[in-house]
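The file input_26.pdb contains PDB, C-alpha atoms:
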ATOM      1  CA  MET A  23     -21.190  68.544 144.274
ATOM      2  CA  LYS A  24     -23.415  71.484 145.114
ATOM      3  CA  CYS A  25     -22.564  73.975 147.802
ATOM      4  CA  GLN A  26     -24.939  76.324 149.561
ATOM      5  CA  ASN A  27     -24.651  80.031 149.962
ATOM      6  CA  LYS A  28     -25.006  80.860 153.678
ATOM      7  CA  LYS A  29     -26.609  84.278 153.151
ATOM      8  CA  ASN A  30     -29.532  83.330 150.940
ATOM      9  CA  GLY A  31     -29.689  79.604 151.380
ATOM     10  CA  LYS A  32     -29.649  79.272 147.582
ATOM     11  CA  ARG A  33     -27.708  76.562 145.860
ATOM     12  CA  ARG A  34     -24.684  77.562 143.919
ATOM     13  CA  GLY A  35     -23.157  75.080 141.442
ATOM     14  CA  ASN A  36     -19.906  74.959 139.551
ATOM     15  CA  ASN A  37     -21.003  76.757 136.419
ATOM     16  CA  LYS A  38     -18.401  77.529 133.779
ATOM     17  CA  PHE A  39     -20.509  80.438 132.503
ATOM     18  CA  LYS A  40     -20.700  82.265 135.841
ATOM     19  CA  GLY A  41     -18.671  85.227 134.528
ATOM     20  CA  LEU A  42     -20.708  85.543 131.333
ATOM     21  CA  ASN A  43     -23.342  87.865 132.847
ATOM     22  CA  LYS A  44     -20.659  90.298 133.983
ATOM     23  CA  LEU A  45     -19.190  90.326 130.485
ATOM     24  CA  LEU A  46     -22.556  90.867 128.836
ATOM     25  CA  ASN A  47     -23.302  93.842 131.096
ATOM     26  CA  ARG A  48     -20.237  95.756 129.962
ATOM     27  CA  LYS A  49     -21.088  99.009 128.235
ATOM     28  CA  LYS A  50     -18.607  98.433 125.421
ATOM     29  CA  LEU A  51     -20.343  95.250 124.370
ATOM     30  CA  LYS A  52     -23.802  96.852 124.392
ATOM     31  CA  ARG A  53     -22.779  99.996 122.528
ATOM     32  CA  ASN A  54     -20.571  98.368 119.982
ATOM     33  CA  SER A  55     -21.554  95.154 118.264
ATOM     34  CA  LYS A  56     -18.018  94.652 116.939
ATOM     35  CA  TRP A  57     -17.070  92.641 120.048
ATOM     36  CA  GLU A  58     -17.575  88.923 120.579
ATOM     37  CA  ILE A  59     -16.941  86.668 123.565
ATOM     38  CA  ILE A  60     -14.792  83.551 123.241
ATOM     39  CA  TYR A  61     -14.602  80.875 125.935
ATOM     40  CA  ASN A  62     -11.349  78.935 126.345
ATOM     41  CA  GLU A  63     -12.112  75.480 127.743
ATOM     42  CA  GLN A  64      -8.549  74.754 128.906
ATOM     43  CA  SER A  65      -8.157  77.862 131.037
ATOM     44  CA  GLY A  66     -11.868  78.208 131.825
ATOM     45  CA  LYS A  67     -11.835  81.936 131.083
ATOM     46  CA  PHE A  68     -13.694  84.274 128.764
ATOM     47  CA  ARG A  69     -12.053  86.923 126.627
ATOM     48  CA  PHE A  70     -13.213  89.750 124.414
ATOM     49  CA  VAL A  71     -12.203  89.631 120.773
ATOM     50  CA  LYS A  72     -12.896  92.368 118.296
ATOM     51  CA  LYS A  73     -14.711  91.052 115.255
ATOM     52  CA  GLN A  74     -12.864  91.678 112.048
ATOM     53  CA  ASN A  75     -14.448  92.445 108.728
ATOM     54  CA  LYS A  76     -14.196  89.619 106.254
ATOM     55  CA  LYS A  77     -12.554  91.994 103.798
ATOM     56  CA  ASN A  78      -9.718  92.773 106.237
ATOM     57  CA  VAL A  79      -8.987  89.151 107.169
ATOM     58  CA  GLU A  80      -6.418  87.539 104.988
ATOM     59  CA  LEU A  81      -7.818  84.069 104.365
ATOM     60  CA  ASN A  82      -4.581  82.549 103.146
ATOM     61  CA  GLU A  83      -2.214  83.523 105.923
ATOM     62  CA  TYR A  84       0.022  80.563 106.732
ATOM     63  CA  VAL A  85       2.314  80.142 109.723
ATOM     64  CA  PHE A  86       4.865  77.748 111.232
ATOM     65  CA  TYR A  87       4.352  76.840 114.893
ATOM     66  CA  SER A  88       7.253  75.203 116.694
ATOM     67  CA  VAL A  89       6.786  73.841 120.227
ATOM     68  CA  LEU A  90       9.808  73.013 122.407
ATOM     69  CA  ASN A  91       9.655  70.430 125.210
ATOM     70  CA  THR A  92      10.810  72.415 128.256
ATOM     71  CA  GLU A  93      10.874  69.380 130.555
ATOM     72  CA  ILE A  94      14.201  68.331 129.023
ATOM     73  CA  VAL A  95      16.898  70.749 130.157
ATOM     74  CA  ILE A  96      19.084  71.812 127.225
ATOM     75  CA  GLU A  97      21.264  74.806 126.472
ATOM     76  CA  PHE A  98      19.909  77.806 124.611
ATOM     77  CA  GLY A  99      22.030  77.205 121.512
ATOM     78  CA  LEU A 100      21.022  73.566 121.254
ATOM     79  CA  ALA A 101      17.353  74.524 121.653
ATOM     80  CA  ALA A 102      17.660  77.070 118.837
ATOM     81  CA  LYS A 103      19.398  74.467 116.671
ATOM     82  CA  THR A 104      16.691  71.834 117.180
ATOM     83  CA  ILE A 105      13.871  74.325 116.532
ATOM     84  CA  THR A 106      15.593  75.466 113.333
ATOM     85  CA  HIS A 107      16.189  71.882 112.265
ATOM     86  CA  GLY A 108      12.515  71.014 112.767
ATOM     87  CA  ILE A 109      11.320  74.048 110.785
ATOM     88  CA  LEU A 110      13.760  73.420 107.926
ATOM     89  CA  ALA A 111      12.896  69.720 107.769
ATOM     90  CA  LEU A 112       9.180  70.459 107.501
ATOM     91  CA  HIS A 113       9.788  73.318 105.038
ATOM     92  CA  ASN A 114      11.859  71.096 102.740
ATOM     93  CA  LYS A 115       9.297  68.295 102.944
ATOM     94  CA  LEU A 116       6.451  70.650 101.995
ATOM     95  CA  ALA A 117       8.471  72.417  99.266
ATOM     96  CA  ALA A 118       9.231  69.074  97.613
ATOM     97  CA  ASN A 119       5.524  68.198  97.477
ATOM     98  CA  GLN A 120       3.915  69.608  94.306
ATOM     99  CA  VAL A 121       0.512  70.014  95.938
ATOM    100  CA  LYS A 122       1.739  71.834  99.074
ATOM    101  CA  ASN A 123       4.481  73.945  97.461
ATOM    102  CA  PRO A 124       2.070  76.844  96.622
ATOM    103  CA  TYR A 125       1.245  77.147 100.321
ATOM    104  CA  ILE A 126       4.936  77.654 101.112
ATOM    105  CA  VAL A 127       5.068  80.399  98.464
ATOM    106  CA  GLN A 128       2.020  82.086 100.053
ATOM    107  CA  TRP A 129       3.693  81.771 103.474
ATOM    108  CA  ARG A 130       6.753  83.625 102.141
ATOM    109  CA  ASN A 131       4.561  86.315 100.534
ATOM    110  CA  SER A 132       2.520  86.868 103.714
ATOM    111  CA  GLY A 133       5.579  87.633 105.849
ATOM    112  CA  ALA A 134       7.073  84.199 106.646
ATOM    113  CA  ASN A 135       5.707  84.027 110.200
ATOM    114  CA  ILE A 136       7.280  81.562 112.640
ATOM    115  CA  ILE A 137       5.955  81.277 116.208
ATOM    116  CA  VAL A 138       7.937  79.377 118.870
ATOM    117  CA  LEU A 139       6.071  78.167 121.966
ATOM    118  CA  GLN A 140       6.862  76.341 125.223
ATOM    119  CA  GLY A 141       5.566  72.810 125.656
ATOM    120  CA  TYR A 142       5.296  71.164 129.057
ATOM    121  CA  ASN A 143       6.425  67.592 128.473
ATOM    122  CA  HIS A 144       6.358  64.682 126.022
ATOM    123  CA  ARG A 145       2.667  63.923 126.615
ATOM    124  CA  HIS A 146       1.711  67.525 125.957
ATOM    125  CA  LEU A 147       3.536  67.538 122.621
ATOM    126  CA  LYS A 148       1.953  64.201 121.635
ATOM    127  CA  HIS A 149      -1.470  65.656 122.473
ATOM    128  CA  LEU A 150      -0.772  68.736 120.332
ATOM    129  CA  GLU A 151       0.365  66.504 117.478
ATOM    130  CA  LYS A 152      -2.916  64.574 117.605
ATOM    131  CA  GLU A 153      -4.903  67.822 117.698
ATOM    132  CA  ALA A 154      -3.049  69.186 114.657
ATOM    133  CA  LYS A 155      -3.357  65.957 112.702
ATOM    134  CA  PHE A 156      -6.421  66.983 110.699
ATOM    135  CA  THR A 157      -6.074  70.779 110.576
ATOM    136  CA  ALA A 158      -2.392  71.192 109.701
ATOM    137  CA  LEU A 159      -0.908  70.919 106.230
ATOM    138  CA  GLY A 160       2.211  69.347 107.657
ATOM    139  CA  ARG A 161       3.855  68.407 110.930
ATOM    140  CA  HIS A 162       7.292  67.196 111.931
ATOM    141  CA  ALA A 163       8.597  65.906 115.254
ATOM    142  CA  LEU A 164      12.173  65.557 116.492
ATOM    143  CA  TYR A 165      12.817  62.930 119.149
ATOM    144  CA  HIS A 166      15.534  62.623 121.776
ATOM    145  CA  GLN A 167      16.618  59.212 123.058
ATOM    146  CA  ARG A 168      16.684  59.064 126.833
ATOM    147  CA  TYR A 169      17.819  55.660 128.092
ATOM    148  CA  GLN A 170      15.594  53.235 126.149
ATOM    149  CA  ASN A 171      12.729  55.683 125.627
ATOM    150  CA  TYR A 172      12.237  58.303 122.960
ATOM    151  CA  GLN A 173      10.876  61.688 123.991
ATOM    152  CA  MET A 174       9.605  64.335 121.629
ATOM    153  CA  LEU A 175      11.923  67.337 121.765
ATOM    154  CA  VAL A 176      10.375  69.667 119.157
ATOM    155  CA  LEU A 177       7.048  69.609 117.334
ATOM    156  CA  THR A 178       6.742  71.777 114.213
ATOM    157  CA  VAL A 179       3.370  72.392 112.543
ATOM    158  CA  PHE A 180       2.502  74.305 109.356
ATOM    159  CA  GLY A 181      -0.949  75.422 108.250
ATOM    160  CA  ARG A 182      -3.513  78.199 107.993
ATOM    161  CA  LYS A 183      -3.319  80.547 110.945
ATOM    162  CA  GLU A 184      -7.102  80.616 111.520
ATOM    163  CA  GLU A 185      -7.312  76.842 111.856
ATOM    164  CA  ILE A 186      -4.165  76.177 113.866
ATOM    165  CA  GLU A 187      -4.178  79.047 116.376
ATOM    166  CA  ASP A 188      -7.055  77.438 118.322
ATOM    167  CA  ILE A 189      -4.850  74.435 119.094
ATOM    168  CA  PHE A 190      -2.017  76.556 120.496
ATOM    169  CA  ASP A 191      -4.225  79.127 122.251
ATOM    170  CA  GLY A 192      -3.043  80.055 125.741
ATOM    171  CA  MET A 193       0.502  78.703 125.417
ATOM    172  CA  LYS A 194       3.518  80.817 126.398
ATOM    173  CA  ARG A 195       5.945  82.022 123.772
ATOM    174  CA  LEU A 196       9.561  81.036 124.151
TER     175      LEU A 196
END
File written out as structure tokens:
Amino acid sequence: MKCQNKKNGKRRGNNKFKGLNKLLNRKKLKRNSKWEIIYNEQSGKFRFVKKQNKKNVELNEYVFYSVLNTEIVIEFGLAAKTITHGILALHNKLAANQVKNPYIVQWRNSGANIIVLQGYNHRHLKHLEKEAKFTALGRHALYHQRYQNYQMLVLTVFGRKEEIEDIFDGMKRL
């Protein structure tokens, strides 16, 4: 639906790139070509990201992402236990696989990064699992039985940081 601006009488639509002109007019972007603009479709916002040289980027940096369902109220110790259980289960599954074991070794050598995030509810975790299906090297989900239904409590994903961080962009850390 279009709305009209009362001052000019011009039509003004819902354009997702309305803030792009302001970003392009910034002096930093004009002077320095090391900046690029990235648009996040979920939040509908733009952000500046400094371009990195290909020599500085470590192509084989692997990371574990663990997402906790915060809709289910549990104690802090139990949450830590379930996150740890999910990470260890996925780690052992990948270490036992002869093809994926070298990636675990590279993960250890690159600093053994583990990132824990907050998920909203069961549907959100299922959506993230579907998104990570083709980009992740491995994923593991822990379920909690509530009455006759099963709800996902923790989702753990392992893969290359460059490929996976787009899926979890904009989520809060726990």
Checklist entry - Care to translate the PyMOL selection byres ((chain A and resi 86) around 8) into actual residues of this file, as a ChimeraX atom specification? => result /A:84-85,87-88,109,135-137,178-181
Just C-alpha atoms for this one: save the residues we selected as an mmCIF file, in the coordinates of the input.
data_model
loop_
_atom_site.group_PDB
_atom_site.id
_atom_site.type_symbol
_atom_site.label_atom_id
_atom_site.label_comp_id
_atom_site.auth_asym_id
_atom_site.auth_seq_id
_atom_site.Cartn_x
_atom_site.Cartn_y
_atom_site.Cartn_z
ATOM 1 C CA TYR A 84 0.022 80.563 106.732
ATOM 2 C CA VAL A 85 2.314 80.142 109.723
ATOM 3 C CA TYR A 87 4.352 76.840 114.893
ATOM 4 C CA SER A 88 7.253 75.203 116.694
ATOM 5 C CA ILE A 109 11.320 74.048 110.785
ATOM 6 C CA ASN A 135 5.707 84.027 110.200
ATOM 7 C CA ILE A 136 7.280 81.562 112.640
ATOM 8 C CA ILE A 137 5.955 81.277 116.208
ATOM 9 C CA THR A 178 6.742 71.777 114.213
ATOM 10 C CA VAL A 179 3.370 72.392 112.543
ATOM 11 C CA PHE A 180 2.502 74.305 109.356
ATOM 12 C CA GLY A 181 -0.949 75.422 108.250
#
Kindly provide, as AutoDock Vina command-line options, the centre and edge lengths (Å, one decimal) of an axis-aligned box around all atoms of region 175-190 of chain A given in the file, with 4 Å on each side.
--center_x 2.3 --center_y 74.0 --center_z 114.9 --size_x 27.2 --size_y 21.3 --size_z 21.8
Next on the checklist: Quick check on the file I pasted: which residues fall under the PyMOL selection byres ((chain A and resi 139-153) around 8)? Write them as a count of residues only.
Outcome noted: 26
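This file, queried with the PyMOL selection byres ((chain A and resi 129) around 12), gives the residues Glu80, Leu81, Asn82, Glu83, Tyr84, Val85, Phe86, His113, Leu116, Ala117, Lys122, Asn123, Pro124, Tyr125, Ile126, Val127, Gln128, Arg130, Asn131, Ser132, Gly133, Ala134, Asn135, Ile136, Phe180, Gly181, Arg182 and Lys183 of chain A.
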Next on the checklist: For a test of reading the model, state the distance in Å between CA of Gln167 (chain A) and CA of Lys115 (chain A), rounded to one decimal.
Outcome noted: 23.3 Å
Checklist outcome for this item: In terms of all atoms listed in the file, the residue from A:Ala111, A:Glu185, A:Val95, A:Ala118 at minimal distance from Leu164 (chain A) is A:Ala111
